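For reference, structure08.cif is printed below; it contains mmCIF, C-alpha atoms.
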data_upload
#
loop_
_atom_site.label_atom_id
_atom_site.label_comp_id
_atom_site.auth_asym_id
_atom_site.auth_seq_id
_atom_site.Cartn_x
_atom_site.Cartn_y
_atom_site.Cartn_z
CA MET A 245 85.75 120.63 136.47
CA PRO A 246 86.51 117.61 134.26
CA ASP A 247 84.65 114.34 134.75
CA ASP A 248 85.36 111.98 137.69
CA ARG A 249 87.17 109.65 135.30
CA PRO A 250 88.90 112.10 132.95
CA LYS A 251 89.44 111.11 129.36
CA LEU A 252 92.00 112.65 127.07
CA ARG A 253 90.73 113.21 123.54
CA ARG A 254 92.39 111.43 120.60
CA LEU A 255 95.43 113.69 120.32
CA ASP A 256 98.87 113.69 118.76
CA MET A 257 101.56 113.24 121.41
CA ILE A 258 104.75 114.02 119.53
CA PRO A 259 108.12 113.27 121.18
CA LEU A 260 110.63 116.12 121.15
CA SER A 261 114.29 116.11 122.09
CA GLY A 262 115.47 119.21 123.93
CA PRO A 263 118.20 120.44 126.28
CA THR A 264 116.11 119.40 129.28
CA GLY A 265 115.54 115.88 127.98
CA GLN A 266 112.53 114.11 126.48
CA GLN A 267 109.39 116.21 126.06
CA PHE A 268 106.08 115.71 124.27
CA LEU A 269 104.02 118.11 122.19
CA LEU A 270 100.30 117.62 122.74
CA ARG A 271 98.09 118.82 119.90
CA ASP A 272 94.72 118.18 118.32
CA PRO A 273 95.00 116.55 114.85
CA GLN A 274 91.51 117.87 114.04
CA ARG A 275 92.52 121.40 115.04
CA LEU A 276 89.24 121.81 116.89
CA ALA A 277 91.48 122.89 119.74
CA THR A 278 94.15 125.32 118.56
CA GLN A 279 96.31 125.41 121.68
CA GLU A 280 99.39 123.18 121.74
CA ILE A 281 101.06 122.16 125.00
CA VAL A 282 104.61 120.92 125.57
CA LEU A 283 104.92 118.49 128.49
CA PRO A 284 107.78 116.73 130.27
CA ALA A 285 107.84 112.97 129.84
CA ASP A 286 106.48 112.19 133.31
CA ILE A 287 103.41 114.39 132.83
CA ALA A 288 102.82 112.84 129.41
CA TYR A 289 102.83 109.45 131.14
CA LEU A 290 100.27 110.71 133.67
CA LEU A 291 97.98 112.00 130.93
CA ALA A 292 98.15 108.66 129.11
CA GLN A 293 96.45 107.15 132.17
CA PHE A 294 93.35 109.27 131.57
CA ASP A 295 91.45 107.03 129.17
CA GLY A 296 88.05 107.37 130.84
CA THR A 297 88.46 104.26 133.03
CA ARG A 298 90.63 105.65 135.85
CA THR A 299 89.95 108.14 138.60
CA VAL A 300 92.44 110.87 139.45
CA ARG A 301 93.46 108.83 142.49
CA GLU A 302 94.15 105.74 140.38
CA ALA A 303 96.22 107.71 137.88
CA GLN A 304 98.09 109.31 140.76
CA LEU A 305 99.01 105.90 142.19
CA SER A 306 100.17 104.72 138.77
CA TYR A 307 102.43 107.77 138.57
CA VAL A 308 103.90 107.04 142.02
CA ARG A 309 104.63 103.44 141.08
CA ARG A 310 106.31 104.54 137.84
CA PHE A 311 108.38 107.48 139.10
CA GLY A 312 108.62 106.99 142.88
CA SER A 313 107.41 110.51 143.62
CA LEU A 314 104.06 112.09 144.36
CA LEU A 315 102.06 114.56 142.31
CA THR A 316 99.54 116.23 144.57
CA THR A 317 95.86 115.95 143.78
CA ASP A 318 95.65 119.73 143.54
CA ARG A 319 98.40 119.81 140.91
CA ILE A 320 96.76 117.05 138.86
CA ASN A 321 93.37 118.78 139.03
CA SER A 322 94.99 122.05 138.00
CA LEU A 323 96.54 120.31 135.00
CA LEU A 324 93.19 118.74 134.08
CA ASP A 325 91.50 122.14 134.34
CA ARG A 326 94.12 123.58 131.99
CA LEU A 327 93.54 120.77 129.50
CA ASP A 328 89.79 121.20 129.78
CA GLN A 329 90.07 124.92 129.11
CA ALA A 330 92.20 124.08 126.08
CA LEU A 331 89.51 121.64 124.83
CA LEU A 332 91.88 118.69 124.99
CA LEU A 333 89.72 116.57 127.29
CA ASP A 334 86.67 114.59 126.20
CA SER A 335 84.48 116.55 128.58
CA GLN A 336 81.10 118.27 128.66
CA ARG A 337 82.83 121.55 127.79
CA PHE A 338 84.40 120.02 124.68
CA ARG A 339 81.24 118.22 123.59
CA GLN A 340 79.22 121.45 123.75
CA PHE A 341 81.95 123.28 121.83
CA ALA A 342 82.16 120.55 119.17
CA ALA A 343 78.39 120.44 118.73
CA GLN A 344 78.27 124.19 118.10
CA LEU A 345 81.26 123.99 115.76
CA GLU A 346 79.57 121.25 113.73
CA ALA A 347 76.30 123.21 113.57
CA ASP A 348 78.18 126.29 112.34
CA PHE A 349 80.04 124.26 109.71
CA ARG A 350 76.91 122.59 108.39
CA ALA A 351 75.25 126.01 108.09
CA ARG A 352 78.10 127.45 105.99
CA PRO A 353 77.53 127.53 102.21
CA THR A 354 81.21 126.74 101.49
CA ARG A 355 84.08 124.81 103.02
CA PRO A 356 86.61 127.44 104.21
CA ALA A 357 90.26 127.38 103.16
CA ALA A 358 91.49 126.10 106.51
CA HIS A 359 95.22 126.05 105.70
CA ALA A 360 95.55 129.22 103.58
CA GLY A 361 98.28 131.52 104.81
CA ARG A 362 100.12 128.65 106.51
CA SER A 363 100.57 125.80 104.04
CA TYR A 364 100.17 127.92 100.92
CA GLN A 365 99.75 131.56 99.91
CA GLU A 366 96.31 132.99 100.55
CA ASP A 367 96.68 135.60 97.81
CA ALA A 368 95.94 134.38 94.26
CA GLY A 369 98.74 136.44 92.72
CA ALA A 370 101.38 135.23 95.15
CA PHE A 371 100.21 131.63 94.77
CA THR A 372 100.34 131.86 90.98
CA LEU A 373 103.80 133.42 90.98
CA SER A 374 105.16 130.65 93.20
CA TRP A 375 103.50 127.64 91.58
CA GLN A 376 103.85 128.74 87.96
CA SER A 377 107.61 128.57 88.32
CA ARG A 378 107.42 125.21 90.09
CA LEU A 379 105.36 123.62 87.32
CA ALA A 380 107.48 125.27 84.63
CA ALA A 381 110.59 123.62 86.11
CA VAL A 382 109.11 120.13 85.61
CA ASP A 383 110.15 118.09 82.59
CA PRO A 384 107.31 115.54 82.25
CA PRO A 385 108.24 112.17 80.70
CA GLY A 386 107.99 112.26 76.93
CA ASP A 387 107.00 108.61 76.67
CA PHE A 388 104.15 108.60 79.16
CA ALA A 389 100.82 110.43 79.19
CA LEU A 390 97.62 110.15 81.18
CA ASP A 391 94.44 108.77 79.64
CA PRO A 392 92.72 111.91 78.26
CA ARG A 393 89.27 110.54 79.12
CA ARG A 394 90.07 109.04 82.50
CA PRO A 395 93.27 110.58 83.94
CA ALA A 396 94.40 109.27 87.31
CA LEU A 397 97.12 110.37 89.72
CA ILE A 398 98.58 109.64 93.12
CA ALA A 399 99.76 112.91 94.65
CA PRO A 400 101.09 113.71 98.13
CA HIS A 401 99.13 115.44 100.86
CA TYR A 402 102.29 116.34 102.78
CA ASP A 403 103.06 120.03 103.43
CA MET A 404 102.72 121.81 100.10
CA ASN A 405 106.00 123.70 100.39
CA ALA A 406 108.09 120.77 101.60
CA ALA A 407 106.66 118.47 98.91
CA ALA A 408 106.37 121.12 96.19
CA ASP A 409 108.45 119.16 93.65
CA SER A 410 106.23 116.10 94.01
CA TYR A 411 103.02 118.10 93.67
CA ALA A 412 104.45 119.92 90.65
CA ALA A 413 105.42 116.66 88.93
CA ALA A 414 101.87 115.33 89.25
CA TYR A 415 100.09 118.50 88.16
CA ALA A 416 102.48 119.22 85.29
CA LEU A 417 101.53 115.82 83.88
CA LEU A 418 97.83 116.52 84.40
CA ALA A 419 98.24 119.88 82.64
CA ARG A 420 99.39 118.05 79.49
CA THR A 421 96.09 116.22 79.07
CA GLU A 422 92.67 117.50 78.14
CA ARG A 423 90.94 119.37 80.94
CA PRO A 424 88.71 117.04 82.95
CA ASP A 425 85.10 117.98 83.57
CA VAL A 426 85.10 116.46 87.06
CA VAL A 427 87.87 115.43 89.45
CA VAL A 428 87.19 112.88 92.15
CA ILE A 429 89.57 113.52 95.06
CA LEU A 430 90.08 110.58 97.40
CA GLY A 431 91.52 112.08 100.56
CA ILE A 432 92.52 110.65 103.92
CA SER A 433 90.60 111.44 107.09
CA HIS A 434 93.46 111.85 109.56
CA ALA A 435 90.96 112.30 112.39
CA GLY A 436 89.44 108.87 111.79
CA GLY A 437 85.73 108.51 111.28
CA ALA A 438 83.55 106.77 108.74
CA ALA A 439 84.84 104.66 105.85
CA PHE A 440 83.79 107.34 103.35
CA THR A 441 82.55 110.88 103.95
CA LEU A 442 81.16 113.28 101.34
CA THR A 443 80.42 116.98 101.30
CA ARG A 444 78.43 119.09 98.88
CA LYS A 445 80.16 122.31 99.95
CA PRO A 446 82.29 124.16 97.38
CA PHE A 447 85.93 124.48 98.50
CA GLU A 448 87.25 127.99 99.00
CA THR A 449 90.66 128.55 97.37
CA PRO A 450 92.78 131.61 96.55
CA PHE A 451 90.94 131.66 93.19
CA GLY A 452 87.40 131.60 94.54
CA ALA A 453 85.12 128.71 95.39
CA LEU A 454 85.68 125.44 93.51
CA GLU A 455 82.28 123.85 92.97
CA THR A 456 81.42 120.26 93.82
CA ASP A 457 79.68 118.02 91.30
CA ALA A 458 76.06 117.54 92.37
CA GLN A 459 75.39 114.82 89.79
CA ILE A 460 77.90 112.29 91.09
CA ILE A 461 77.46 113.25 94.74
CA ASP A 462 73.69 112.88 94.60
CA GLN A 463 73.98 109.48 92.89
CA LEU A 464 76.33 108.28 95.62
CA ALA A 465 74.20 109.70 98.41
CA ARG A 466 71.03 108.02 97.11
CA ALA A 467 72.55 104.55 96.77
CA ALA A 468 75.25 104.41 99.46
CA PRO A 469 74.73 101.70 102.13
CA PHE A 470 75.27 104.32 104.87
CA ASP A 471 74.84 108.06 105.35
CA PRO A 472 77.94 109.54 103.67
CA PHE A 473 77.27 112.95 105.24
CA ALA A 474 76.97 111.77 108.85
CA GLU A 475 80.49 112.96 109.71
CA GLU A 476 80.74 115.84 107.25
CA ILE A 477 82.49 117.89 109.97
CA LEU A 478 85.62 115.84 109.16
CA HIS A 479 85.98 117.93 106.00
CA ARG A 480 86.21 121.14 108.01
CA ASP A 481 89.94 121.10 108.57
CA GLU A 482 91.23 118.08 106.64
CA HIS A 483 94.12 119.13 104.41
CA SER A 484 94.33 116.04 102.19
CA ILE A 485 91.52 117.24 99.92
CA GLU A 486 92.10 120.94 100.39
CA PHE A 487 95.63 120.83 98.95
CA GLN A 488 94.46 119.05 95.79
CA ALA A 489 91.49 121.40 95.38
CA VAL A 490 93.75 124.44 95.61
CA LEU A 491 96.18 123.10 93.00
CA LEU A 492 93.38 122.06 90.67
CA HIS A 493 91.83 125.51 90.87
CA PHE A 494 95.25 127.04 90.21
CA LEU A 495 95.80 124.80 87.20
CA TYR A 496 92.47 125.80 85.62
CA ARG A 497 92.20 129.30 87.10
CA GLU A 498 91.79 130.92 83.69
CA GLU A 499 88.93 128.62 82.68
CA SER A 500 85.46 130.14 82.82
CA ASP A 501 84.16 126.77 83.97
CA PRO A 502 86.92 124.92 85.89
CA PRO A 503 86.42 121.25 86.73
CA LYS A 504 84.02 120.42 89.52
CA ILE A 505 85.22 118.14 92.28
CA VAL A 506 83.85 115.20 94.26
CA ALA A 507 85.52 115.29 97.68
CA ILE A 508 85.59 111.87 99.38
CA LEU A 509 87.38 111.38 102.68
CA CYS A 510 88.52 107.81 103.32
CA GLY A 511 88.78 106.45 106.84
CA SER A 512 90.83 103.44 107.92
CA TYR A 513 88.27 101.03 106.53
CA HIS A 514 90.86 98.24 106.24
CA ARG A 515 91.15 97.94 110.03
CA ARG A 516 88.63 97.01 112.69
CA ASP A 517 89.57 96.75 116.37
CA GLU A 518 93.25 96.63 115.39
CA GLU A 519 92.60 93.68 113.06
CA PHE A 520 93.02 93.86 109.30
CA VAL A 521 89.89 93.47 107.20
CA ASP A 522 90.10 92.81 103.45
CA PRO A 523 88.19 95.70 101.83
CA ALA A 524 87.19 93.36 98.99
CA GLN A 525 85.00 91.32 101.35
CA PRO A 526 81.24 91.88 100.95
CA GLY A 527 80.09 94.75 103.11
CA PRO A 528 79.52 98.54 103.11
CA VAL A 529 83.08 99.37 102.00
CA SER A 530 83.01 97.10 98.99
CA GLU A 531 79.45 98.17 98.16
CA PHE A 532 80.40 101.84 98.17
CA LEU A 533 83.48 101.28 96.00
CA GLU A 534 81.42 99.24 93.53
CA LEU A 535 78.84 102.02 93.48
CA LEU A 536 81.51 104.65 92.87
CA GLN A 537 83.10 102.54 90.13
CA ALA A 538 79.77 102.04 88.35
CA THR A 539 78.86 105.72 88.69
CA LEU A 540 82.14 106.88 87.17
CA ALA A 541 82.07 104.25 84.41
CA ALA A 542 78.59 105.37 83.34
CA ASP A 543 79.45 109.08 83.34
CA PRO A 544 80.09 110.30 79.76
CA ARG A 545 82.15 113.26 80.94
CA ARG A 546 85.92 113.37 81.36
CA VAL A 547 86.35 112.30 84.98
CA ALA A 548 89.77 112.32 86.65
CA VAL A 549 90.59 110.56 89.92
CA ILE A 550 93.30 111.70 92.33
CA ALA A 551 94.40 109.71 95.37
CA SER A 552 95.74 112.23 97.86
CA ALA A 553 98.07 109.90 99.69
CA ASP A 554 101.34 109.89 101.58
CA LEU A 555 103.21 106.64 102.21
CA SER A 556 105.27 105.45 105.20
CA HIS A 557 105.28 107.27 108.55
CA ILE A 558 108.11 106.00 110.74
CA GLY A 559 110.12 107.18 113.73
CA ALA A 560 109.43 108.41 117.25
CA ARG A 561 106.42 110.48 116.23
CA PHE A 562 104.75 107.33 114.92
CA GLY A 563 105.68 104.86 117.65
CA LEU A 564 109.18 103.72 116.66
CA PRO A 565 111.69 104.24 119.50
CA PRO A 566 114.57 106.55 118.53
CA PRO A 567 117.03 106.77 117.01
CA LEU A 568 115.80 106.71 113.41
CA THR A 569 118.51 104.95 111.42
CA GLN A 570 119.35 104.51 107.77
CA ALA A 571 118.29 100.89 108.09
CA HIS A 572 114.80 102.04 109.10
CA LEU A 573 114.68 104.39 106.10
CA ASP A 574 115.84 101.65 103.73
CA LEU A 575 113.19 99.22 104.98
CA ALA A 576 110.46 101.82 104.58
CA ARG A 577 111.70 102.70 101.10
CA ARG A 578 111.58 99.06 100.01
CA HIS A 579 108.05 98.71 101.38
CA ASP A 580 106.95 101.91 99.62
CA THR A 581 108.50 100.71 96.37
CA ALA A 582 106.64 97.41 96.56
CA LEU A 583 103.35 99.20 97.26
CA LEU A 584 103.90 101.61 94.38
CA GLU A 585 104.57 98.68 92.06
CA LYS A 586 101.17 97.21 93.00
CA ALA A 587 99.56 100.60 92.41
CA ARG A 588 101.40 101.08 89.13
CA THR A 589 100.03 97.78 87.80
CA GLY A 590 96.50 98.27 89.14
CA ASP A 591 96.71 95.42 91.66
CA ALA A 592 94.34 96.45 94.48
CA ASP A 593 94.31 92.99 96.08
CA GLY A 594 98.09 92.84 96.00
CA LEU A 595 98.32 96.29 97.55
CA TYR A 596 96.18 95.19 100.49
CA GLY A 597 98.06 91.89 100.75
CA LEU A 598 101.40 93.68 101.14
CA LEU A 599 100.06 96.01 103.78
CA ALA A 600 98.41 93.23 105.79
CA GLN A 601 101.46 90.98 105.53
CA ALA A 602 103.62 93.74 107.00
CA GLN A 603 100.93 94.48 109.63
CA ASP A 604 101.22 98.06 108.39
CA ARG A 605 104.32 98.51 110.55
CA HIS A 606 105.31 101.48 108.38
CA ASN A 607 102.01 103.31 108.97
CA VAL A 608 101.05 103.91 105.33
CA CYS A 609 98.31 106.47 105.92
CA GLY A 610 97.48 106.84 102.23
CA PHE A 611 96.52 103.21 101.68
CA PRO A 612 92.69 103.73 101.75
CA ALA A 613 92.85 106.41 99.04
CA ILE A 614 95.21 104.46 96.77
CA TYR A 615 93.23 101.24 97.20
CA ALA A 616 89.98 103.06 96.44
CA LEU A 617 91.46 104.55 93.26
CA LEU A 618 92.51 101.10 92.04
CA ARG A 619 89.05 99.72 92.77
CA VAL A 620 87.15 102.45 90.93
CA ARG A 621 89.47 103.18 88.01
CA PRO A 622 90.97 100.34 85.94
CA VAL A 623 94.77 100.81 85.79
CA THR A 624 97.09 98.88 83.49
CA GLU A 625 100.30 100.84 83.83
CA GLY A 626 101.78 103.78 85.64
CA ARG A 627 104.86 105.92 86.01
CA VAL A 628 106.44 106.99 89.30
CA LEU A 629 107.22 110.66 88.74
CA GLY A 630 109.05 111.19 92.01
CA TYR A 631 109.59 109.72 95.47
CA ARG A 632 110.99 111.27 98.62
CA GLN A 633 111.52 110.62 102.30
CA GLU A 634 111.17 113.77 104.40
CA VAL A 635 113.12 113.37 107.66
CA ALA A 636 112.47 115.58 110.70
CA ALA A 637 115.61 115.43 112.84
CA GLN A 638 113.99 117.01 115.90
CA THR A 639 111.35 114.31 116.21
CA GLN A 640 113.50 111.51 114.72
CA SER A 641 110.68 110.78 112.29
CA CYS A 642 110.13 110.43 108.56
CA VAL A 643 107.19 110.70 106.15
CA SER A 644 107.55 109.44 102.59
CA PHE A 645 105.47 110.40 99.57
CA ALA A 646 105.39 109.98 95.81
CA SER A 647 103.70 111.31 92.71
CA VAL A 648 102.48 108.70 90.24
CA GLY A 649 100.73 108.94 86.90
CA LEU A 650 98.32 106.08 86.14
CA ARG A 651 96.49 105.00 83.01
#
Would you mind writing the file's structure down as C-alpha cells?
Amino acid sequence: MPDDRPKLRRLDMIPLSGPTGQQFLLRDPQRLATQEIVLPADIAYLLAQFDGTRTVREAQLSYVRRFGSLLTTDRINSLLDRLDQALLLDSQRFRQFAAQLEADFRARPTRPAAHAGRSYQEDAGAFTLSWQSRLAAVDPPGDFALDPRRPALIAPHYDMNAAADSYAAAYALLARTERPDVVVILGISHAGGAAFTLTRKPFETPFGALETDAQIIDQLARAAPFDPFAEEILHRDEHSIEFQAVLLHFLYREESDPPKIVAILCGSYHRRDEEFVDPAQPGPVSEFLELLQATLAADPRRVAVIASADLSHIGARFGLPPPLTQAHLDLARRHDTALLEKARTGDADGLYGLLAQAQDRHNVCGFPAIYALLRVRPVTEGRVLGYRQEVAAQTQSCVSFASVGLR
C-alpha cells in the first residue's frame, strides 16, 4: 500500500483532446517508470492533490467540493495501488526500485543508447544511409565558417527525425572544419537535479562506444565546488547529450580515433524556489563555469563546444490554456529571436536579462546550456542556420529550436 499521505512523483501530465473530452497523459520524464496512463480530467485533479501533505480522506473531500460527486475510498486506494505498481508514486516501492536502478547504472562500464530504435536507427548502416543524405542536402553558408581551433554550435535536442534539418545544418557546418580532438556537450537535465552533472562513462552509439575525455573530466572533478557525479543517474536516460553523441560519432565514424566527449548535464541553475538567480553572481555555478572556461582555455587541443538546447515551449502541455493561437507563436518567435541575437553576439548577461525580464514565460528549457557555452567560450559573431516551431495539434503545444554556428 502507498503511504498514508501519498505523493505523486514529478511527472509529466500532458493534456489531450479526445472525443470524450479533456484527458491527461501521465508519464515519467525520467523514464524510470515505462508505463503511461491516460486519465480523465477529474482523476487528474484528484492526483494533483497527492503532494505528500494530504491524506486520502482530505483529497477525497477536495474532489467532492470540486465536482459535487463522491469517489469511494476503495476506488481511490485502488487507483493509488495501480500508480504504485507503475512506479509513479514517491513510495517505498519506488525508492527501492530507484536505488537498485542507480546501483546498476553506476556499475555499468558504458552509458547505454537509451533512445536507439525509437528516436534514431539502432543499426549503423541504416543510420548512415539516412543521415548521409540529410547532411548532403545541406548547403552551408559560403561566407561563414566555424573557428577551426574552437568550433562552437547550438543544436537542437528535439526529436531527431522531426528536427532532422536543423541537426543536419549544424553538423554539416561542423564537418567543414578541422576535426576536433574533444567535444564538450552541454546538455539539459530535463529531470531536474544538480546545476552540473558529469559522467565518465563512454556513450554507446550505433557506431560503438564514444569515449569520454578523462583529462578534462578529471580536472573538473578535482576542482569543482561540489560533487559533479552525485546525480550521475541523470545521464542514464537523458536524450539531450545522447543525440549529439550519436551524430558526432556518425560524423567521424571512419576516423580511427574519433573525438572524445565531455558530457555535462545542466540543471535549472538560474532558478531557486521559483525565483530567478543571476548565474554570474558569486557561488558554485559561477565557480564551475569559470573552472570550465579556464580548463578549456588552457587545453592545447582542438576543443569544440556544443550547446544541446531547444528554445520556447508553449501551449497546453506547458501550462498555457488552449487554444494555441498564431499570436502565441508570434510572441514566442520574437522572444526566441531576441535570445538568439544575444547568443550570436556572445552576450551571456544579456541572454539572462531577457529571460528574467520575461519571467521565462515561454519556458526556454535550453537556456542553461546556451548560457554556459557563452560563459566558457568567447563568441564574437554567429550565424543562425535554421529556426523552426514544431506544433503538436493534439496537445495544442509548440516547441521551437534552432541551429546556430558561433565563432
Gap from CA of Pro384 in chain A to CA of Leu417 in chain A - Å, one decimal: 6.0 Å
Non-local contacts of range 398-406 of chain A (9 Å; all atoms listed in the file; under 2 positions in same chain excluded) as a PyMOL selection string: chain A and resi 363-364+396+408-411+413-415+431-432+483-488+549-555+610+613-614+617+634+643-650
Point-to-point distance in Å for CA of Leu599 in chain A and CA of Arg516 in chain A: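 CA of Leu599 in chain A lies at a distance of 14.5 Å from CA of Arg516 in chain A.
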Pairwise distance for CA of Gly437 in chain A and CA of Ala285 in chain A, rounded to one decimal in Å: 29.2 Å
Mind checking which residues fall within 8 Å of Ala357 in chain A, counting all atoms listed in the file, ignoring those fewer than 6 positions away in the same chain, and posting them as a PDB file with C-alpha atoms, keeping the file's coordinate frame?
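The resulting selection30.pdb:
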ATOM      1  CA  PHE A 447      85.930 124.480  98.500  1.00  0.00           C
ATOM      2  CA  GLU A 448      87.250 127.990  99.000  1.00  0.00           C
ATOM      3  CA  THR A 449      90.660 128.550  97.370  1.00  0.00           C
ATOM      4  CA  GLU A 486      92.100 120.940 100.390  1.00  0.00           C
TER       5      GLU A 486
END
Non-local contacts of Leu260 in chain A (10 Å; all atoms listed in the file; under 4 positions in same chain excluded) as a PyMOL selection string: chain A and resi 265-269+282-285+560-561+637-640
Near-range 587-589 of chain A list (9 Å; all atoms listed in the file; drop same-chain fewer than 3 positions) as a PyMOL selection string: chain A and resi 582-584+592+594-595+614-615+618+623-628+648-651
Hits from the PyMOL selection byres ((chain A and resi 546) around 7), listed as a list in words: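 Taken over the shown coordinates, the PyMOL selection byres ((chain A and resi 546) around 7) returns Arg393, Arg394, Pro424, Asp425, Val426, Pro544, Arg545, Val547 and Ala548 of chain A.
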Evaluate the PyMOL selection byres ((chain A and resi 321-325) around 10) and report residues as a PyMOL selection string: chain A and resi 245-247+250-252+287+291+294+300+316-320+326-333
Residues returned when the PyMOL selection byres ((chain A and resi 443) around 9) runs on this file, as a PDB file with C-alpha atoms, keeping the file's coordinate frame:
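Okay, out_25.pdb is ready:
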ATOM      1  CA  ARG A 355      84.080 124.810 103.020  1.00  0.00           C
ATOM      2  CA  THR A 441      82.550 110.880 103.950  1.00  0.00           C
ATOM      3  CA  LEU A 442      81.160 113.280 101.340  1.00  0.00           C
ATOM      4  CA  ARG A 444      78.430 119.090  98.880  1.00  0.00           C
ATOM      5  CA  LYS A 445      80.160 122.310  99.950  1.00  0.00           C
ATOM      6  CA  PRO A 446      82.290 124.160  97.380  1.00  0.00           C
ATOM      7  CA  THR A 456      81.420 120.260  93.820  1.00  0.00           C
ATOM      8  CA  ILE A 461      77.460 113.250  94.740  1.00  0.00           C
ATOM      9  CA  PRO A 472      77.940 109.540 103.670  1.00  0.00           C
ATOM     10  CA  PHE A 473      77.270 112.950 105.240  1.00  0.00           C
ATOM     11  CA  GLU A 476      80.740 115.840 107.250  1.00  0.00           C
ATOM     12  CA  ILE A 477      82.490 117.890 109.970  1.00  0.00           C
ATOM     13  CA  HIS A 479      85.980 117.930 106.000  1.00  0.00           C
ATOM     14  CA  VAL A 506      83.850 115.200  94.260  1.00  0.00           C
ATOM     15  CA  ALA A 507      85.520 115.290  97.680  1.00  0.00           C
ATOM     16  CA  ILE A 508      85.590 111.870  99.380  1.00  0.00           C
TER      17      ILE A 508
END
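Those residues that approach Gln463 in chain A to within 9 Å, counting only C-alpha atoms, are A:Leu535, A:Leu536, A:Thr539; same-chain residues fewer than 6 positions away are not listed.
Distances here use all atoms listed in the file; by that measure, the residue among A:Pro502, A:Gly563, A:Gly452, A:Gly511 closest to Arg423 in chain A is A:Pro502.
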Nearest to Gln274 in chain A, chosen from A:Leu573, A:Ala435, A:Ile258, A:Cys510, with all atoms listed in the file counted in the distances: A:Ala435
Closest of A:Arg632, A:Arg310, A:His572, A:Arg466 to Asp286 in chain A - atom-to-atom distances counting all atoms listed in the file: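 The shortest atom-to-atom distance to Asp286 in chain A comes from A:Arg310.
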Final N, CA and C atoms of range 383-395 of chain A as an mmCIF file, in the coordinates of the input:
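Resulting contents of result-v1.cif:
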data_model
loop_
_atom_site.group_PDB
_atom_site.id
_atom_site.type_symbol
_atom_site.label_atom_id
_atom_site.label_comp_id
_atom_site.auth_asym_id
_atom_site.auth_seq_id
_atom_site.Cartn_x
_atom_site.Cartn_y
_atom_site.Cartn_z
ATOM 1 N N ASP A 383 110.000 118.653 83.939
ATOM 2 C CA ASP A 383 110.150 118.090 82.590
ATOM 3 C C ASP A 383 109.384 116.767 82.573
ATOM 4 N N PRO A 384 108.097 116.776 82.214
ATOM 5 C CA PRO A 384 107.310 115.540 82.250
ATOM 6 C C PRO A 384 107.868 114.492 81.297
ATOM 7 N N PRO A 385 107.696 113.224 81.588
ATOM 8 C CA PRO A 385 108.240 112.170 80.700
ATOM 9 C C PRO A 385 107.625 112.261 79.304
ATOM 10 N N GLY A 386 108.477 112.161 78.303
ATOM 11 C CA GLY A 386 107.990 112.260 76.930
ATOM 12 C C GLY A 386 107.315 111.009 76.435
ATOM 13 N N ASP A 387 107.541 109.895 77.126
ATOM 14 C CA ASP A 387 107.000 108.610 76.670
ATOM 15 C C ASP A 387 105.839 108.125 77.528
ATOM 16 N N PHE A 388 105.272 109.007 78.314
ATOM 17 C CA PHE A 388 104.150 108.600 79.160
ATOM 18 C C PHE A 388 103.155 109.749 79.256
ATOM 19 N N ALA A 389 101.878 109.429 79.069
ATOM 20 C CA ALA A 389 100.820 110.430 79.190
ATOM 21 C C ALA A 389 99.625 109.803 79.890
ATOM 22 N N LEU A 390 98.831 110.630 80.530
ATOM 23 C CA LEU A 390 97.620 110.150 81.180
ATOM 24 C C LEU A 390 96.538 109.884 80.138
ATOM 25 N N ASP A 391 95.603 109.025 80.490
ATOM 26 C CA ASP A 391 94.440 108.770 79.640
ATOM 27 C C ASP A 391 93.629 110.061 79.553
ATOM 28 N N PRO A 392 93.427 110.620 78.363
ATOM 29 C CA PRO A 392 92.720 111.910 78.260
ATOM 30 C C PRO A 392 91.276 111.847 78.732
ATOM 31 N N ARG A 393 90.652 110.659 78.680
ATOM 32 C CA ARG A 393 89.270 110.540 79.120
ATOM 33 C C ARG A 393 89.158 110.216 80.604
ATOM 34 N N ARG A 394 90.132 109.509 81.127
ATOM 35 C CA ARG A 394 90.070 109.040 82.500
ATOM 36 C C ARG A 394 91.433 109.184 83.186
ATOM 37 N N PRO A 395 91.956 110.423 83.298
ATOM 38 C CA PRO A 395 93.270 110.580 83.940
ATOM 39 C C PRO A 395 93.213 110.213 85.416
#
